[in-house]
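All remarks here apply to the structure that follows.
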Amino acid sequence: MDDLYRNIPIAIGHSTFKLAARALCDPTGYLLSDTPASSTVHSFFNSNINQSLTCMSGGAFLPAIRPTVWLSQEVQDRWMNFSQSQPGVVAWSYFGAANGVFRLYPGSRLSRTFDPTQRPWYHRTIAGQRALFTSSAVYLDSLGVGKVVTLSETVFQAKGRSRSGTCTGPSGRAGNCPCSDHAQCQSDYCYESTCANPTVAGVAGVDVRYDAFSRMVESALTSAPGLDQVNRCNGNTTRCLLVNNAAEVVYEASFASVKDLDLQRFEHVPLGALDGSVMFSLLDRGVFIRSQHINLQGSCQIAQRQQLASGQGQILTPEEQDNFYRDRGPIPNFQNEYGCTKDQIHYVRSNASYTMSDSILGSVQGACYDASYRLYPVQQTDLLLLVIETALDRRGVFFNFNCHILNNLARSGGFKVVDMPCTADLGRSIVSQCAMPTQFSPKCEYSTAPALCATPASHVLVVIVLAFACIAGVV
């Protein structure tokens, strides 16, 4: 047992694979069974049993599951060799296939409900720039190895034969077409002068321990040629930060010393929360784009989050996760959250910013400080290196509320909506202030009252529902 993994059962010399429930012919039976037939699984994947059996003809797994398991095993030796040559750097190496197969090194058990395609790192990777490595923000590993950063990359299916007429034009070229730039390919990925197949096979990723990641970043900053100002990163007059494509801080000098249980100080920290003036400047210059929507199923807190006293109950073993609902008993645990309506703010890096080959210079004057900054793209990743040189620092001024307000205005996240626009003017009809559907025709395939669906009286139900929603302040 490696000290890094504390009380986590692992197989340091092997990888393990996990199948999402949807990869089986009977997903419900798999999720609800107290004793999954693991021997049946091993006999199927470790033998040459006829794999042409479909679910309709008595098979246990969907087509192509076994080939995916076998192919994913080929990368195991590379994962092992890297872990042995760089001990304590990578906590987990894994590949999540689009069909629900998940391979993990070092091998460990996962909960029965785990599905790689539903994880945030999977969605973030396939939605990003596919030719680049995608970086997550800093977060606490769910299996208990501490603070980690995920680096992931999209994996495409084998290059296919192009159809005639699809290899011309400046963009949209099919798989196996010649290319010289990522923008020419339909998949947005030009590999060895050939367009990749646009069909995504899955996502490969590694979870890097944050203390090791921090040391590597600091070593690279002090040895980077041509970045003299970066060499003077001291955390005071000159600060260096790594920012991902969601404007979240991936590296900041103080994160390494923060305790693992003090989540609010390192987990998914927005750039705006630390440097609101710079964030607004990057928005003005088109590096990031702001998006906003109303979340009617938000979650608000009764009491402000504080540092956890212990990790007990925060990290559940796979067995505890599988048995949670069965064993939790009739009395629910105390909850610090309740449902509320939120104004959700997101930032995303603009497509134009990915084409910049040189640094961006800028300066800011605000409530927190007067400073100049330089922004560098980190090659082959979605990361940006931000170097801030402070000329006049006002953050330590007593009762500097303006700085606090500025950073909160620039940060991303969810903000509770106290009063919706449709309840602001009490002198007007509530229903008239809310957007009403026109020509509403509900489907009646599953209704036991077809006469109601056929009459305009059904519109009254919609008006009543929306009126109550407006009164409650949720529309």
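Scheme for the structure tokens: letters A, B, ... for chains in order shown; per-chain residue numbers from 1; ligand numbers from 1 in order shown.
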Show which residues sit within 10 Å of Ile65 in chain A, as a PyMOL selection string. Count only C-alpha atoms, and ignore same-chain residues fewer than 6 positions away. chain A and resi 19+23-24+45+51+97+99-101
Would you put the residues from that selection into a file with N, CA, C and O atoms, as an mmCIF file, in the first residue's frame?
```cif
data_model
loop_
_atom_site.group_PDB
_atom_site.id
_atom_site.type_symbol
_atom_site.label_atom_id
_atom_site.label_comp_id
_atom_site.auth_asym_id
_atom_site.auth_seq_id
_atom_site.Cartn_x
_atom_site.Cartn_y
_atom_site.Cartn_z
ATOM 1 N N LEU A 19 -17.341 -0.615 -15.681
ATOM 2 C CA LEU A 19 -18.370 -0.441 -16.693
ATOM 3 C C LEU A 19 -19.509 0.392 -16.124
ATOM 4 O O LEU A 19 -20.007 0.103 -15.033
ATOM 5 N N ALA A 23 -23.675 0.294 -19.982
ATOM 6 C CA ALA A 23 -22.925 -0.616 -20.848
ATOM 7 C C ALA A 23 -23.420 -2.046 -20.736
ATOM 8 O O ALA A 23 -22.990 -2.913 -21.500
ATOM 9 N N LEU A 24 -24.314 -2.309 -19.785
ATOM 10 C CA LEU A 24 -24.856 -3.642 -19.579
ATOM 11 C C LEU A 24 -26.263 -3.745 -20.165
ATOM 12 O O LEU A 24 -26.972 -2.740 -20.307
ATOM 13 N N PHE A 45 -14.618 -11.264 -20.165
ATOM 14 C CA PHE A 45 -13.566 -10.409 -20.696
ATOM 15 C C PHE A 45 -12.204 -11.102 -20.755
ATOM 16 O O PHE A 45 -11.295 -10.617 -21.424
ATOM 17 N N GLN A 51 -18.645 -13.079 -28.707
ATOM 18 C CA GLN A 51 -19.060 -11.734 -28.330
ATOM 19 C C GLN A 51 -20.087 -11.160 -29.293
ATOM 20 O O GLN A 51 -20.420 -9.986 -29.221
ATOM 21 N N ALA A 97 -14.244 5.963 -21.912
ATOM 22 C CA ALA A 97 -14.745 5.789 -23.277
ATOM 23 C C ALA A 97 -16.176 6.298 -23.397
ATOM 24 O O ALA A 97 -16.937 6.326 -22.418
ATOM 25 N N ASN A 99 -18.603 4.843 -24.688
ATOM 26 C CA ASN A 99 -19.601 3.791 -24.483
ATOM 27 C C ASN A 99 -19.727 3.354 -23.023
ATOM 28 O O ASN A 99 -20.435 2.402 -22.713
ATOM 29 N N GLY A 100 -19.023 4.027 -22.100
ATOM 30 C CA GLY A 100 -19.176 3.751 -20.678
ATOM 31 C C GLY A 100 -18.064 2.945 -20.053
ATOM 32 O O GLY A 100 -18.099 2.692 -18.842
ATOM 33 N N VAL A 101 -17.060 2.538 -20.803
ATOM 34 C CA VAL A 101 -15.914 1.803 -20.251
ATOM 35 C C VAL A 101 -14.950 2.800 -19.612
ATOM 36 O O VAL A 101 -14.640 3.848 -20.198
#
```
Compile the contact shell of range 241-248 of chain A as number ranges by chain: residues with an atom at most 8 Å away, counting only C-alpha atoms, same-chain residues fewer than 5 positions apart removed. A: 134-137, 253, 268-272, 288, 346-349, 382-387
File of the preceding selection, C-alpha atoms, as a tab-separated table (two decimals), in the first residue's frame:
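Now in result.tsv:
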```
chain	number	residue	atom	x	y	z
A	134	THR	CA	-7.69	20.86	-20.92
A	135	SER	CA	-7.02	21.81	-17.31
A	136	SER	CA	-9.44	21.78	-14.41
A	137	ALA	CA	-9.37	24.09	-11.43
A	253	ALA	CA	1.49	30.55	-4.86
A	268	HIS	CA	-12.66	26.41	-8.11
A	269	VAL	CA	-11.46	29.92	-7.26
A	270	PRO	CA	-12.51	32.44	-9.98
A	271	LEU	CA	-9.92	34.91	-11.24
A	272	GLY	CA	-12.37	37.74	-10.52
A	288	PHE	CA	-13.00	36.06	-21.94
A	346	HIS	CA	-19.98	31.99	-16.26
A	347	TYR	CA	-16.88	33.05	-18.12
A	348	VAL	CA	-15.44	31.24	-21.11
A	349	ARG	CA	-12.32	31.94	-23.09
A	382	ASP	CA	-5.96	25.88	-22.61
A	383	LEU	CA	-4.01	27.66	-19.85
A	384	LEU	CA	-2.98	31.30	-19.67
A	385	LEU	CA	-0.07	32.60	-17.61
A	386	LEU	CA	-0.95	35.90	-15.97
A	387	VAL	CA	1.85	38.03	-14.50
```
Give me every alpha helix (DSSP H) residue in range 206-278 of chain A, going by DSSP on the backbone, as a JSON list (two decimals) with N, CA and C atoms, in the first residue's frame.
```
[["chain", "number", "residue", "atom", "x", "y", "z"],
["A", 210, "TYR", "N", -1.47, 18.37, -6.33],
["A", 210, "TYR", "CA", -1.24, 19.81, -6.47],
["A", 210, "TYR", "C", 0.13, 20.24, -5.96],
["A", 211, "ASP", "N", 0.65, 19.62, -4.90],
["A", 211, "ASP", "CA", 1.97, 20.04, -4.43],
["A", 211, "ASP", "C", 3.04, 19.77, -5.48],
["A", 212, "ALA", "N", 2.93, 18.64, -6.20],
["A", 212, "ALA", "CA", 3.87, 18.35, -7.28],
["A", 212, "ALA", "C", 3.65, 19.29, -8.46],
["A", 213, "PHE", "N", 2.39, 19.56, -8.79],
["A", 213, "PHE", "CA", 2.06, 20.48, -9.87],
["A", 213, "PHE", "C", 2.61, 21.87, -9.58],
["A", 214, "SER", "N", 2.46, 22.31, -8.34],
["A", 214, "SER", "CA", 2.95, 23.64, -7.95],
["A", 214, "SER", "C", 4.47, 23.72, -8.08],
["A", 215, "ARG", "N", 5.17, 22.67, -7.66],
["A", 215, "ARG", "CA", 6.63, 22.68, -7.78],
["A", 215, "ARG", "C", 7.06, 22.72, -9.25],
["A", 216, "MET", "N", 6.38, 21.98, -10.11],
["A", 216, "MET", "CA", 6.73, 21.98, -11.53],
["A", 216, "MET", "C", 6.50, 23.34, -12.17],
["A", 217, "VAL", "N", 5.40, 24.00, -11.80],
["A", 217, "VAL", "CA", 5.12, 25.32, -12.34],
["A", 217, "VAL", "C", 6.17, 26.32, -11.90],
["A", 218, "GLU", "N", 6.51, 26.32, -10.62],
["A", 218, "GLU", "CA", 7.51, 27.25, -10.12],
["A", 218, "GLU", "C", 8.88, 27.00, -10.74],
["A", 219, "SER", "N", 9.22, 25.74, -10.97],
["A", 219, "SER", "CA", 10.48, 25.43, -11.63],
["A", 219, "SER", "C", 10.49, 25.93, -13.06],
["A", 220, "ALA", "N", 9.36, 25.77, -13.76],
["A", 220, "ALA", "CA", 9.29, 26.25, -15.14],
["A", 220, "ALA", "C", 9.34, 27.76, -15.22],
["A", 221, "LEU", "N", 8.73, 28.45, -14.25],
["A", 221, "LEU", "CA", 8.74, 29.91, -14.27],
["A", 221, "LEU", "C", 10.13, 30.48, -14.06],
["A", 222, "THR", "N", 10.91, 29.87, -13.19],
["A", 222, "THR", "CA", 12.24, 30.40, -12.90],
["A", 222, "THR", "C", 13.24, 30.08, -14.00],
["A", 223, "SER", "N", 12.92, 29.11, -14.87],
["A", 223, "SER", "CA", 13.86, 28.73, -15.93],
["A", 223, "SER", "C", 13.38, 29.11, -17.31],
["A", 271, "LEU", "N", -10.92, 33.85, -11.15],
["A", 271, "LEU", "CA", -9.92, 34.91, -11.24],
["A", 271, "LEU", "C", -10.48, 36.22, -10.71],
["A", 272, "GLY", "N", -11.77, 36.48, -10.98],
["A", 272, "GLY", "CA", -12.37, 37.74, -10.52],
["A", 272, "GLY", "C", -12.38, 37.88, -9.02],
["A", 273, "ALA", "N", -12.44, 36.77, -8.29],
["A", 273, "ALA", "CA", -12.45, 36.84, -6.82],
["A", 273, "ALA", "C", -11.11, 37.29, -6.28],
["A", 274, "LEU", "N", -10.02, 37.08, -7.02],
["A", 274, "LEU", "CA", -8.68, 37.50, -6.58],
["A", 274, "LEU", "C", -8.27, 38.83, -7.19],
["A", 276, "GLY", "N", -10.23, 41.41, -9.48],
["A", 276, "GLY", "CA", -11.38, 41.89, -10.22],
["A", 276, "GLY", "C", -11.02, 42.89, -11.31],
["A", 277, "SER", "N", -10.06, 43.78, -11.04],
["A", 277, "SER", "CA", -9.68, 44.79, -12.04],
["A", 277, "SER", "C", -9.10, 44.15, -13.29],
["A", 278, "VAL", "N", -8.24, 43.15, -13.10],
["A", 278, "VAL", "CA", -7.64, 42.47, -14.25],
["A", 278, "VAL", "C", -8.72, 41.69, -15.01]]
```
Might you pull out every residue within 7 Å of Phe17 in chain A, with only C-alpha atoms counted and same-chain residues fewer than 5 positions away left off, and present them as a list in words?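 Listing them by chain and then by number gives Val101, Phe102, Arg103 and Leu104 of chain A.
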Just want the 8 Å neighbourhood of Gln292 in chain A, counted on only C-alpha atoms, with same-chain residues fewer than 5 positions away dropped. Output as JSON, numbers by chain. {"A": [343, 344, 345, 346]}
Based on the selection just made, write N, CA, C and O atoms of those residues as an mmCIF file, in the first residue's frame.
```cif
data_model
loop_
_atom_site.group_PDB
_atom_site.id
_atom_site.type_symbol
_atom_site.label_atom_id
_atom_site.label_comp_id
_atom_site.auth_asym_id
_atom_site.auth_seq_id
_atom_site.Cartn_x
_atom_site.Cartn_y
_atom_site.Cartn_z
ATOM 1 N N ASP A 343 -28.889 33.638 -9.999
ATOM 2 C CA ASP A 343 -28.358 34.271 -11.206
ATOM 3 C C ASP A 343 -26.974 33.680 -11.430
ATOM 4 O O ASP A 343 -26.042 33.957 -10.681
ATOM 5 N N GLN A 344 -26.831 32.838 -12.453
ATOM 6 C CA GLN A 344 -25.600 32.084 -12.671
ATOM 7 C C GLN A 344 -24.707 32.813 -13.672
ATOM 8 O O GLN A 344 -25.134 33.117 -14.788
ATOM 9 N N ILE A 345 -23.477 33.098 -13.242
ATOM 10 C CA ILE A 345 -22.523 33.828 -14.075
ATOM 11 C C ILE A 345 -21.387 32.889 -14.466
ATOM 12 O O ILE A 345 -20.806 32.208 -13.617
ATOM 13 N N HIS A 346 -21.072 32.822 -15.764
ATOM 14 C CA HIS A 346 -19.984 31.995 -16.262
ATOM 15 C C HIS A 346 -19.072 32.846 -17.134
ATOM 16 O O HIS A 346 -19.513 33.819 -17.762
#
```
Which of these residues is nearest to Thr113 in chain A, using only C-alpha atoms: A:Phe133, A:Ala20, A:Val203, A:Val89?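 Of all the options, A:Ala20 lies closest to Thr113 in chain A.
Here CA of Arg109 in chain A stands at a distance of 25.9 Å from CA of Val200 in chain A.
Reported to one decimal place, the separation of CA of Thr355 in chain A from CA of Pro377 in chain A is 9.3 Å.
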Name all residues at most 12 Å from Gly169 in chain A (count only C-alpha atoms; drop same-chain ones fewer than 5 positions away) and give them as a list of chain:residue names.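 Surrounding residues, per the criterion: A:Ala174, A:Cys177, A:Pro178, A:Cys179, A:Ala183, A:Gln184, A:Cys185, A:Gln186.
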Using DSSP assignments from the backbone, pull out every residue in range 200-322 of chain A that falls under strand (DSSP E) and give it to me as number ranges by chain. A: 200-209, 238-243, 249-251, 288-301
